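Chemist: Got a file for you: my_file33.cif, mmCIF, C-alpha atoms.
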data_input
loop_
_atom_site.group_PDB
_atom_site.id
_atom_site.type_symbol
_atom_site.label_atom_id
_atom_site.label_comp_id
_atom_site.auth_asym_id
_atom_site.auth_seq_id
_atom_site.Cartn_x
_atom_site.Cartn_y
_atom_site.Cartn_z
ATOM 1 C CA MET A 1 -68.253 153.530 181.358
ATOM 2 C CA SER A 2 -67.649 155.214 178.021
ATOM 3 C CA LEU A 3 -69.944 154.516 175.073
ATOM 4 C CA LYS A 4 -67.108 152.674 173.318
ATOM 5 C CA ASP A 5 -66.584 150.368 176.327
ATOM 6 C CA PHE A 6 -70.335 149.838 176.581
ATOM 7 C CA ILE A 7 -70.523 148.729 172.952
ATOM 8 C CA ILE A 8 -67.544 146.396 173.279
ATOM 9 C CA GLN A 9 -68.329 144.906 176.689
ATOM 10 C CA CYS A 10 -72.129 144.755 176.610
ATOM 11 C CA LEU A 11 -73.496 144.906 173.099
ATOM 12 C CA VAL A 12 -71.070 142.464 171.485
ATOM 13 C CA ARG A 13 -71.726 139.854 174.187
ATOM 14 C CA GLN A 14 -75.444 140.414 173.897
ATOM 15 C CA TYR A 15 -75.280 140.095 170.119
ATOM 16 C CA PHE A 16 -73.972 136.527 170.352
ATOM 17 C CA VAL A 17 -76.569 135.555 172.974
ATOM 18 C CA ILE A 18 -79.351 136.994 170.767
ATOM 19 C CA TYR A 19 -78.001 135.196 167.695
ATOM 20 C CA THR A 20 -78.019 131.859 169.534
ATOM 21 C CA GLY A 21 -81.487 132.511 170.955
ATOM 22 C CA SER A 22 -82.812 133.522 167.528
ATOM 23 C CA MET A 23 -81.548 130.314 165.953
ATOM 24 C CA ILE A 24 -83.290 128.250 168.656
ATOM 25 C CA ALA A 25 -86.483 130.287 168.152
ATOM 26 C CA THR A 26 -86.240 129.783 164.360
ATOM 27 C CA PHE A 27 -86.051 126.059 164.906
ATOM 28 C CA CYS A 28 -89.166 126.093 167.131
ATOM 29 C CA PHE A 29 -91.054 128.433 164.746
ATOM 30 C CA CYS A 30 -90.315 126.329 161.648
ATOM 31 C CA LYS A 31 -90.988 123.086 163.488
ATOM 32 C CA ALA A 32 -94.475 124.422 164.323
ATOM 33 C CA PHE A 33 -95.403 126.024 160.970
ATOM 34 C CA TYR A 34 -93.124 124.606 158.241
ATOM 35 C CA PRO A 35 -91.902 121.223 159.486
ATOM 36 C CA THR A 36 -91.035 119.936 155.980
ATOM 37 C CA ASP A 37 -89.310 123.092 154.635
ATOM 38 C CA GLU A 38 -85.556 123.573 154.285
ATOM 39 C CA LEU A 39 -83.830 126.863 155.056
ATOM 40 C CA PRO A 40 -81.427 128.398 152.495
ATOM 41 C CA LEU A 41 -77.857 129.166 153.523
ATOM 42 C CA SER A 42 -78.598 132.897 153.110
ATOM 43 C CA TYR A 43 -80.908 132.614 156.130
ATOM 44 C CA LEU A 44 -77.831 132.453 158.380
ATOM 45 C CA ALA A 45 -76.597 135.752 156.914
ATOM 46 C CA TRP A 46 -80.038 137.333 157.354
ATOM 47 C CA MET A 47 -80.083 136.251 160.985
ATOM 48 C CA PHE A 48 -76.652 137.774 161.371
ATOM 49 C CA LEU A 49 -78.072 141.126 160.245
ATOM 50 C CA PHE A 50 -81.324 140.603 162.098
ATOM 51 C CA SER A 51 -79.517 139.988 165.396
ATOM 52 C CA LEU A 52 -77.430 143.085 164.814
ATOM 53 C CA VAL A 53 -80.566 145.211 164.373
ATOM 54 C CA GLY A 54 -82.007 143.519 167.452
ATOM 55 C CA THR A 55 -78.957 144.472 169.491
ATOM 56 C CA LEU A 56 -79.158 148.194 168.706
ATOM 57 C CA PRO A 57 -82.123 149.049 171.015
ATOM 58 C CA SER A 58 -79.862 147.982 173.905
ATOM 59 C CA LEU A 59 -78.277 151.403 173.618
ATOM 60 C CA VAL A 60 -81.142 152.592 175.883
ATOM 61 C CA PHE A 61 -79.286 150.906 178.746
ATOM 62 C CA TYR A 62 -76.288 153.154 178.313
ATOM 63 C CA SER A 63 -75.840 155.718 181.057
ATOM 64 C CA ARG A 64 -72.823 157.548 182.400
ATOM 65 C CA LYS A 65 -74.355 157.423 185.895
ATOM 66 C CA GLU A 66 -75.134 154.256 187.831
ATOM 67 C CA LEU A 67 -78.801 153.396 187.281
ATOM 68 C CA SER A 68 -81.079 152.415 190.145
ATOM 69 C CA LYS A 69 -83.149 149.216 190.004
ATOM 70 C CA LYS A 70 -86.264 151.275 189.156
ATOM 71 C CA GLN A 71 -84.498 153.087 186.320
ATOM 72 C CA TRP A 72 -83.364 149.700 185.020
ATOM 73 C CA GLY A 73 -86.939 148.405 185.141
ATOM 74 C CA ILE A 74 -88.196 151.366 183.092
ATOM 75 C CA ARG A 75 -85.436 150.932 180.526
ATOM 76 C CA ILE A 76 -86.147 147.203 180.219
ATOM 77 C CA VAL A 77 -89.795 147.963 179.310
ATOM 78 C CA LEU A 78 -88.678 150.679 176.857
ATOM 79 C CA HIS A 79 -86.095 148.316 175.390
ATOM 80 C CA PHE A 80 -88.672 145.568 174.878
ATOM 81 C CA ILE A 81 -91.082 147.941 173.088
ATOM 82 C CA LEU A 82 -88.283 149.270 170.843
ATOM 83 C CA LEU A 83 -87.080 145.747 170.148
ATOM 84 C CA GLU A 84 -90.542 144.533 169.158
ATOM 85 C CA ALA A 85 -90.996 147.562 166.879
ATOM 86 C CA VAL A 86 -87.592 147.247 165.191
ATOM 87 C CA LEU A 87 -87.871 143.476 164.700
ATOM 88 C CA MET A 88 -91.482 143.593 163.464
ATOM 89 C CA VAL A 89 -90.520 146.144 160.786
ATOM 90 C CA THR A 90 -87.319 144.317 159.794
ATOM 91 C CA GLY A 91 -89.101 140.945 159.899
ATOM 92 C CA ARG A 92 -91.821 142.222 157.583
ATOM 93 C CA LEU A 93 -89.259 143.671 155.144
ATOM 94 C CA LEU A 94 -87.479 140.318 155.079
ATOM 95 C CA ASP A 95 -90.738 138.409 154.681
ATOM 96 C CA LEU A 96 -90.118 136.496 157.854
ATOM 97 C CA TYR A 97 -93.861 136.445 158.540
ATOM 98 C CA GLU A 98 -97.104 136.904 156.603
ATOM 99 C CA GLY A 99 -100.585 137.778 157.830
ATOM 100 C CA VAL A 100 -101.937 138.496 161.302
ATOM 101 C CA GLN A 101 -101.580 135.007 162.759
ATOM 102 C CA GLU A 102 -97.912 134.690 161.862
ATOM 103 C CA GLY A 103 -97.409 138.287 162.997
ATOM 104 C CA ILE A 104 -98.799 137.404 166.423
ATOM 105 C CA TRP A 105 -96.570 134.341 166.575
ATOM 106 C CA PHE A 106 -93.647 136.526 165.580
ATOM 107 C CA VAL A 107 -94.368 138.895 168.490
ATOM 108 C CA VAL A 108 -94.677 135.909 170.845
ATOM 109 C CA THR A 109 -91.407 134.456 169.533
ATOM 110 C CA ILE A 110 -89.589 137.746 170.147
ATOM 111 C CA PHE A 111 -91.050 137.797 173.645
ATOM 112 C CA LEU A 112 -89.870 134.225 174.308
ATOM 113 C CA VAL A 113 -86.365 134.971 173.033
ATOM 114 C CA TYR A 114 -86.346 138.099 175.192
ATOM 115 C CA VAL A 115 -87.294 136.114 178.278
ATOM 116 C CA PHE A 116 -84.740 133.433 177.347
ATOM 117 C CA VAL A 117 -81.907 135.990 177.059
ATOM 118 C CA TRP A 118 -82.777 137.641 180.376
ATOM 119 C CA ALA A 119 -83.227 134.249 182.060
ATOM 120 C CA ILE A 120 -79.742 133.134 180.967
ATOM 121 C CA MET A 121 -78.169 136.373 182.149
ATOM 122 C CA ASP A 122 -80.076 136.212 185.426
ATOM 123 C CA PHE A 123 -79.083 132.577 185.943
ATOM 124 C CA MET A 124 -75.412 133.416 185.388
ATOM 125 C CA ASP A 125 -75.584 136.426 187.725
ATOM 126 C CA ARG A 126 -77.294 134.376 190.437
ATOM 127 C CA ARG A 127 -74.584 131.751 190.215
ATOM 128 C CA THR A 128 -71.890 134.427 190.442
ATOM 129 C CA ALA A 129 -73.647 136.015 193.437
ATOM 130 C CA GLU A 130 -73.878 132.628 195.193
ATOM 131 C CA GLU A 131 -70.204 131.977 194.558
ATOM 132 C CA MET A 132 -69.223 135.410 195.860
ATOM 133 C CA ASN A 133 -71.462 135.085 198.938
ATOM 134 C CA GLU A 134 -69.852 131.744 199.716
ATOM 135 C CA LYS A 135 -66.403 133.322 199.504
ATOM 136 C CA LEU A 136 -67.525 136.208 201.720
ATOM 137 C CA LYS A 137 -68.765 133.741 204.358
ATOM 138 C CA GLU A 138 -65.498 131.815 204.131
ATOM 139 C CA ARG A 139 -63.586 135.056 204.567
ATOM 140 C CA ARG A 140 -65.616 135.926 207.691
ATOM 141 C CA ARG A 141 -65.069 132.444 209.156
ATOM 142 C CA GLN A 142 -61.318 132.775 208.635
ATOM 143 C CA SER A 143 -61.129 136.196 210.268
ATOM 144 C CA GLN A 144 -63.033 135.064 213.382
ATOM 145 C CA MET B 1 -36.202 138.893 207.011
ATOM 146 C CA LYS B 2 -33.558 141.520 207.556
ATOM 147 C CA VAL B 3 -34.725 144.895 208.929
ATOM 148 C CA THR B 4 -32.496 147.927 208.413
ATOM 149 C CA ILE B 5 -33.165 151.285 210.050
ATOM 150 C CA GLU B 6 -31.009 154.199 209.071
ATOM 151 C CA GLU B 7 -31.013 157.574 210.791
ATOM 152 C CA ILE B 8 -30.859 160.452 208.334
ATOM 153 C CA ALA B 9 -30.397 164.206 208.523
ATOM 154 C CA ARG B 10 -33.408 166.362 209.469
ATOM 155 C CA GLU B 11 -33.511 168.073 206.066
ATOM 156 C CA ALA B 12 -33.539 164.785 204.120
ATOM 157 C CA GLU B 13 -36.894 163.266 203.140
ATOM 158 C CA GLU B 14 -37.936 160.193 205.106
ATOM 159 C CA GLU B 15 -38.425 157.107 202.969
ATOM 160 C CA ILE B 16 -39.297 153.432 203.398
ATOM 161 C CA ILE B 17 -38.001 150.984 200.804
ATOM 162 C CA LEU B 18 -39.225 147.386 200.789
ATOM 163 C CA ARG B 19 -36.985 144.920 198.974
ATOM 164 C CA CYS B 20 -38.836 141.697 198.292
ATOM 165 C CA HIS B 21 -38.788 138.771 195.882
ATOM 166 C CA GLU B 22 -42.349 139.391 194.779
ATOM 167 C CA ILE B 23 -45.172 141.801 195.543
ATOM 168 C CA ASP B 24 -47.888 139.657 197.104
ATOM 169 C CA ALA B 25 -50.936 140.303 199.306
ATOM 170 C CA ASP B 26 -48.801 140.290 202.494
ATOM 171 C CA THR B 27 -46.480 142.921 201.054
ATOM 172 C CA MET B 28 -49.431 145.100 200.071
ATOM 173 C CA GLN B 29 -50.906 144.753 203.554
ATOM 174 C CA LEU B 30 -47.611 145.808 205.066
ATOM 175 C CA VAL B 31 -47.490 148.848 202.761
ATOM 176 C CA GLN B 32 -51.049 149.646 203.766
ATOM 177 C CA LYS B 33 -50.193 149.492 207.479
ATOM 178 C CA LEU B 34 -47.161 151.713 206.965
ATOM 179 C CA LYS B 35 -49.252 154.248 205.073
ATOM 180 C CA GLN B 36 -51.833 154.264 207.838
ATOM 181 C CA ALA B 37 -49.152 154.698 210.482
ATOM 182 C CA ARG B 38 -47.620 157.652 208.611
ATOM 183 C CA SER B 39 -50.978 159.354 208.149
ATOM 184 C CA GLY B 40 -51.575 159.428 211.897
ATOM 185 C CA ASN B 41 -53.566 156.205 211.902
ATOM 186 C CA GLY B 42 -56.784 157.676 210.661
ATOM 187 C CA MET B 43 -58.593 159.957 208.276
ATOM 188 C CA ILE B 44 -60.317 163.183 209.018
ATOM 189 C CA GLY B 45 -64.072 163.354 208.510
ATOM 190 C CA TYR B 46 -66.240 166.428 209.004
ATOM 191 C CA ASN B 47 -69.741 166.341 210.417
ATOM 192 C CA GLY B 48 -70.967 169.941 210.555
ATOM 193 C CA GLU B 49 -68.709 171.749 213.004
ATOM 194 C CA GLU B 50 -67.283 168.498 214.353
ATOM 195 C CA ILE B 51 -64.028 166.980 213.205
ATOM 196 C CA HIS B 52 -63.637 163.211 213.586
ATOM 197 C CA ARG B 53 -60.659 160.932 213.207
ATOM 198 C CA LEU B 54 -61.785 157.764 211.440
ATOM 199 C CA LYS B 55 -60.080 154.411 211.245
ATOM 200 C CA LEU B 56 -60.114 152.609 207.916
ATOM 201 C CA ASP B 57 -62.005 149.624 209.317
ATOM 202 C CA GLU B 58 -64.806 151.921 210.555
ATOM 203 C CA ILE B 59 -65.599 153.057 207.021
ATOM 204 C CA TYR B 60 -68.274 151.182 205.076
ATOM 205 C CA TYR B 61 -67.702 153.031 201.824
ATOM 206 C CA PHE B 62 -66.339 156.205 200.321
ATOM 207 C CA GLU B 63 -68.434 158.078 197.793
ATOM 208 C CA VAL B 64 -68.145 161.179 195.664
ATOM 209 C CA VAL B 65 -71.423 163.006 195.064
ATOM 210 C CA ASP B 66 -71.511 166.267 193.076
ATOM 211 C CA ASN B 67 -67.778 166.776 193.572
ATOM 212 C CA LYS B 68 -68.080 166.305 197.346
ATOM 213 C CA SER B 69 -66.545 163.293 199.074
ATOM 214 C CA PHE B 70 -68.067 161.373 201.957
ATOM 215 C CA PHE B 71 -67.079 158.590 204.319
ATOM 216 C CA TYR B 72 -70.066 156.384 205.167
ATOM 217 C CA CYS B 73 -69.755 154.624 208.508
ATOM 218 C CA GLU B 74 -72.265 152.370 210.263
ATOM 219 C CA GLU B 75 -74.681 155.201 211.054
ATOM 220 C CA GLU B 76 -72.856 158.447 210.396
ATOM 221 C CA VAL B 77 -71.760 160.170 207.231
ATOM 222 C CA TYR B 78 -68.682 162.390 207.266
ATOM 223 C CA GLU B 79 -67.592 164.807 204.607
ATOM 224 C CA SER B 80 -64.014 164.450 203.459
ATOM 225 C CA LYS B 81 -61.377 166.483 201.670
ATOM 226 C CA TRP B 82 -60.062 163.375 199.933
ATOM 227 C CA LYS B 83 -60.436 162.876 196.201
ATOM 228 C CA LEU B 84 -61.624 159.487 194.958
ATOM 229 C CA TYR B 85 -58.261 158.625 193.414
ATOM 230 C CA GLU B 86 -56.448 159.649 196.621
ATOM 231 C CA PHE B 87 -58.574 157.352 198.750
ATOM 232 C CA GLU B 88 -58.270 154.592 196.162
ATOM 233 C CA GLU B 89 -54.488 154.899 196.227
ATOM 234 C CA TYR B 90 -54.446 155.086 200.030
ATOM 235 C CA SER B 91 -56.683 152.051 200.487
ATOM 236 C CA LYS B 92 -54.931 149.919 197.867
ATOM 237 C CA GLY B 93 -54.047 146.489 199.234
ATOM 238 C CA SER B 94 -56.627 146.771 202.022
ATOM 239 C CA THR B 95 -60.212 145.516 202.139
ATOM 240 C CA PHE B 96 -61.473 148.333 199.912
ATOM 241 C CA PHE B 97 -62.231 148.011 196.220
ATOM 242 C CA ARG B 98 -63.685 150.224 193.514
ATOM 243 C CA ALA B 99 -67.389 149.340 193.280
ATOM 244 C CA SER B 100 -68.455 151.930 190.717
ATOM 245 C CA LYS B 101 -67.383 155.162 189.107
ATOM 246 C CA SER B 102 -67.960 157.086 192.331
ATOM 247 C CA VAL B 103 -67.810 154.488 195.136
ATOM 248 C CA ILE B 104 -65.008 152.632 196.931
ATOM 249 C CA LEU B 105 -66.465 149.893 199.105
ATOM 250 C CA ASN B 106 -65.155 147.987 202.124
ATOM 251 C CA ILE B 107 -65.543 144.284 201.388
ATOM 252 C CA ASP B 108 -65.630 143.442 205.109
ATOM 253 C CA LYS B 109 -68.849 145.446 205.468
ATOM 254 C CA ILE B 110 -70.768 143.456 202.831
ATOM 255 C CA ASP B 111 -73.395 141.178 204.310
ATOM 256 C CA PHE B 112 -74.342 139.626 200.978
ATOM 257 C CA LEU B 113 -74.558 140.302 197.260
ATOM 258 C CA ARG B 114 -77.465 139.847 194.892
ATOM 259 C CA PRO B 115 -77.890 140.372 191.142
ATOM 260 C CA ALA B 116 -79.067 143.807 190.020
ATOM 261 C CA PHE B 117 -79.660 143.289 186.272
ATOM 262 C CA SER B 118 -77.174 142.664 183.516
ATOM 263 C CA GLY B 119 -74.007 141.732 185.356
ATOM 264 C CA ARG B 120 -74.351 144.323 188.114
ATOM 265 C CA PHE B 121 -74.670 143.363 191.758
ATOM 266 C CA GLU B 122 -76.263 144.989 194.754
ATOM 267 C CA ALA B 123 -74.141 144.774 197.883
ATOM 268 C CA VAL B 124 -76.277 144.755 201.027
ATOM 269 C CA LEU B 125 -74.123 146.038 203.869
ATOM 270 C CA PHE B 126 -74.304 145.122 207.548
ATOM 271 C CA ASN B 127 -76.064 148.415 208.275
ATOM 272 C CA LYS B 128 -78.719 147.433 205.640
ATOM 273 C CA GLU B 129 -77.545 150.059 203.169
ATOM 274 C CA LYS B 130 -77.393 148.983 199.538
ATOM 275 C CA VAL B 131 -74.563 149.836 197.181
ATOM 276 C CA ILE B 132 -74.383 148.929 193.495
ATOM 277 C CA VAL B 133 -71.283 147.147 192.216
ATOM 278 C CA SER B 134 -70.910 148.028 188.536
ATOM 279 C CA ARG B 135 -70.385 145.295 186.015
ATOM 280 C CA GLN B 136 -66.931 146.611 185.102
ATOM 281 C CA TYR B 137 -65.711 146.396 188.727
ATOM 282 C CA VAL B 138 -67.135 142.946 189.536
ATOM 283 C CA GLY B 139 -63.845 141.424 188.347
ATOM 284 C CA GLU B 140 -61.941 143.405 190.972
ATOM 285 C CA LEU B 141 -64.327 142.200 193.688
ATOM 286 C CA LYS B 142 -63.993 138.583 192.554
ATOM 287 C CA LYS B 143 -60.215 138.857 192.576
ATOM 288 C CA LEU B 144 -60.254 140.330 196.074
ATOM 289 C CA ILE B 145 -62.309 137.464 197.494
ATOM 290 C CA GLY B 146 -60.307 134.832 195.650
ATOM 291 C CA ILE B 147 -62.444 133.950 192.611
ATOM 292 C CA ARG B 148 -60.550 133.806 189.332
#
Take the structure I supplied and represent it as structure tokens, if you would.
Modeler:
Amino acid sequence: MSLKDFIIQCLVRQYFVIYTGSMIATFCFCKAFYPTDELPLSYLAWMFLFSLVGTLPSLVFYSRKELSKKQWGIRIVLHFILLEAVLMVTGRLLDLYEGVQEGIWFVVTIFLVYVFVWAIMDFMDRRTAEEMNEKLKERRRQSQ
Amino acid sequence: MKVTIEEIAREAEEEIILRCHEIDADTMQLVQKLKQARSGNGMIGYNGEEIHRLKLDEIYYFEVVDNKSFFYCEEEVYESKWKLYEFEEYSKGSTFFRASKSVILNIDKIDFLRPAFSGRFEAVLFNKEKVIVSRQYVGELKKLIGIR
């Protein structure tokens, strides 16, 4: 897969999943710490940019060769570390958190969104695999 | 269906023309069988000094590694002179599909599939070998087994 195809097929899709996940996480975060506050409209635009920055570390998954499961595992860990670093810096610049306690919650929130994104993708892949396995069985039954 | 056979001069090139209302799976299978018949009903695989004639349904997958091509059967691996695109063209309409940049896999040799991160799948074959199906070729696999 070329880098252009990778950006179009993988990163764009991931961007929208991250944006949705971030909005859900924002809701949970504010509900816990600022239940009476209202968010300005500009927050949506900031999240737009924030999700974009959060998508960029996914470039570590790009490879011209087919990666093994182990190589994928290593890149997932690397991706998570990069993502935490990029979002912590951007989050601080945007004043999305203040102090150590909020910083820790911010890290935890990123982790939860990360798990949420991977869980959705894994759930969809498992469903696809089940569907394909069913069709393979059906195909074998028909050929017998 | 009308079948016409025409004898031609020795120097003229032999040709088969199929005239059909639409190109469907049956037509492609027929083309596949004709191709196999014309190629001597098998492919040549090399295993050291030995030369083997292989049938398409014996092959689990075809892979290109460092510019060398290989046929992977149940237990044996045979080197081949075929290029990836040649085998892809030859096996079109059969049970083979492009699984990744360098692999063409026989769907009838897949025991089951399982997710392998981010839209990729690992095909576990009947001989317990594992082959990755790239995300970009999953659509082709789905189409072949009848999932839209």
Chemist: Write out, as a Markdown table, each residue of chain A that has an atom at most 7 Å from chain B, together with the closest pair of atoms and their distance in Å to one decimal, counting all atoms listed in the file, rows going by chain and rising number.
Modeler:
| residue | atom | partner | partner_atom | distance |
| --- | --- | --- | --- | --- |
| A:Lys69 | CA | B:Ala116 | CA | 6.8 |
| A:Met121 | CA | B:Ser118 | CA | 6.5 |
| A:Asp125 | CA | B:Pro115 | CA | 5.7 |
| A:Arg126 | CA | B:Pro115 | CA | 6.1 |
| A:Ala129 | CA | B:Arg114 | CA | 5.6 |
| A:Met132 | CA | B:Lys142 | CA | 7.0 |
| A:Asn133 | CA | B:Phe112 | CA | 5.8 |
| A:Lys135 | CA | B:Ile145 | CA | 6.2 |
| A:Leu136 | CA | B:Ile145 | CA | 6.8 |
Chemist: For the file shown, report as a PyMOL selection string the outcome of the PyMOL selection byres ((chain B and resi 28) around 12) at residue level.
Modeler: chain B and resi 18+20+22-27+29-35+89-95
Chemist: Looking at all atoms listed in the file, which of A:Phe27, A:Tyr15, A:Trp118, A:Trp72 is the one that sits closest to Leu39 in chain A?
Modeler: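 Of A:Phe27, A:Tyr15, A:Trp118, A:Trp72, the one nearest Leu39 in chain A, counting all atoms listed in the file, is A:Phe27.
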Chemist: Provide the CA of Glu15 in chain B to CA of Glu58 in chain B distance in Å, to one decimal place.
Modeler: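 For CA of Glu15 in chain B relative to CA of Glu58 in chain B, the distance reads 27.9 Å.
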Chemist: What's the 10 Å shell around Val77 in chain B, counting all atoms listed in the file, without same-chain residues fewer than 4 positions away, as a list in words?
Modeler: Gly45, Tyr46, Asn47, Ile59, Tyr60, Tyr61, Phe62, Phe70, Phe71, Tyr72 and Cys73 of chain B
Chemist: Could you write out the selected residues, including C-alpha atoms, as a PDB file, in the coordinates of the input?
Modeler:
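Output (part.pdb):
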ATOM      1  CA  GLY B  45     -64.072 163.354 208.510  1.00  0.00           C
ATOM      2  CA  TYR B  46     -66.240 166.428 209.004  1.00  0.00           C
ATOM      3  CA  ASN B  47     -69.741 166.341 210.417  1.00  0.00           C
ATOM      4  CA  ILE B  59     -65.599 153.057 207.021  1.00  0.00           C
ATOM      5  CA  TYR B  60     -68.274 151.182 205.076  1.00  0.00           C
ATOM      6  CA  TYR B  61     -67.702 153.031 201.824  1.00  0.00           C
ATOM      7  CA  PHE B  62     -66.339 156.205 200.321  1.00  0.00           C
ATOM      8  CA  PHE B  70     -68.067 161.373 201.957  1.00  0.00           C
ATOM      9  CA  PHE B  71     -67.079 158.590 204.319  1.00  0.00           C
ATOM     10  CA  TYR B  72     -70.066 156.384 205.167  1.00  0.00           C
ATOM     11  CA  CYS B  73     -69.755 154.624 208.508  1.00  0.00           C
TER      12      CYS B  73
END
Chemist: As lines of an AutoDock Vina configuration file, please report the centre and edge lengths, rounded to one decimal in Å, of the axis-aligned box that holds all listed atoms of range 26-29 of chain B with 3 Å of padding on each of the six sides.
Modeler:
center_x = -48.7
center_y = 142.7
center_z = 201.8
size_x = 10.4
size_y = 10.8
size_z = 9.5
Chemist: Pick out the closest residue to Ala32 in chain A from this set: A:Ser143, A:Thr128, A:Thr109, A:Ser2. Count only C-alpha atoms.
Modeler: A:Thr109
Chemist: Written as an MDAnalysis selection string, what is the full residue list that the PyMOL selection byres ((chain A and resi 89-106) around 12) yields on the file shown?
Modeler: chainID A and resid 22 25:26 28:30 32:34 39 42:43 45:47 49:54 82:88 107:113
Chemist: Between CA of Tyr114 in chain A and CA of Ser58 in chain A, what is the distance, to one decimal in Å?
Modeler: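 A separation of 11.9 Å between them.
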Chemist: Using all atoms listed in the file, which of A:Ile74, A:Glu66, A:Leu41, A:Lys137 sits nearest Ala99 in chain B?
Modeler: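 For Ala99 in chain B, the nearest of the candidates is A:Glu66.
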Chemist: Please determine, counting all atoms listed in the file, which residue among B:Asp66, B:Glu50, B:Glu75, B:Glu140 has the shortest atom-to-atom distance to Phe96 in chain B.
Modeler: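 Going through B:Asp66, B:Glu50, B:Glu75, B:Glu140 one by one, the smallest distance to Phe96 in chain B is for B:Glu140.
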Chemist: Compare B:Tyr78, B:Met1, B:Val65, B:Arg98 by their minimum atom-to-atom distance to Lys65 in chain A, counting all atoms listed in the file, and give me the closest one.
Modeler: B:Val65
Chemist: Of the residues B:Glu63, B:Tyr137, B:Gly48, B:Leu56, which is the one nearest to Lys109 in chain B, using only C-alpha atoms?
Modeler: B:Leu56
Chemist: Find the spatial neighbours of Asp5 in chain A, counting only C-alpha atoms, within a cut-off of 12 Å - ignore same-chain residues fewer than 3 positions away - and output them as number ranges by chain.
Modeler: A: 1-2, 8-13, 62-64; B: 135-136
Chemist: Could you jot down the CA of Leu3 in chain A to CA of Phe16 in chain A separation for me, Å, one decimal place?
Modeler: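 These two atoms are separated by 19.0 Å.
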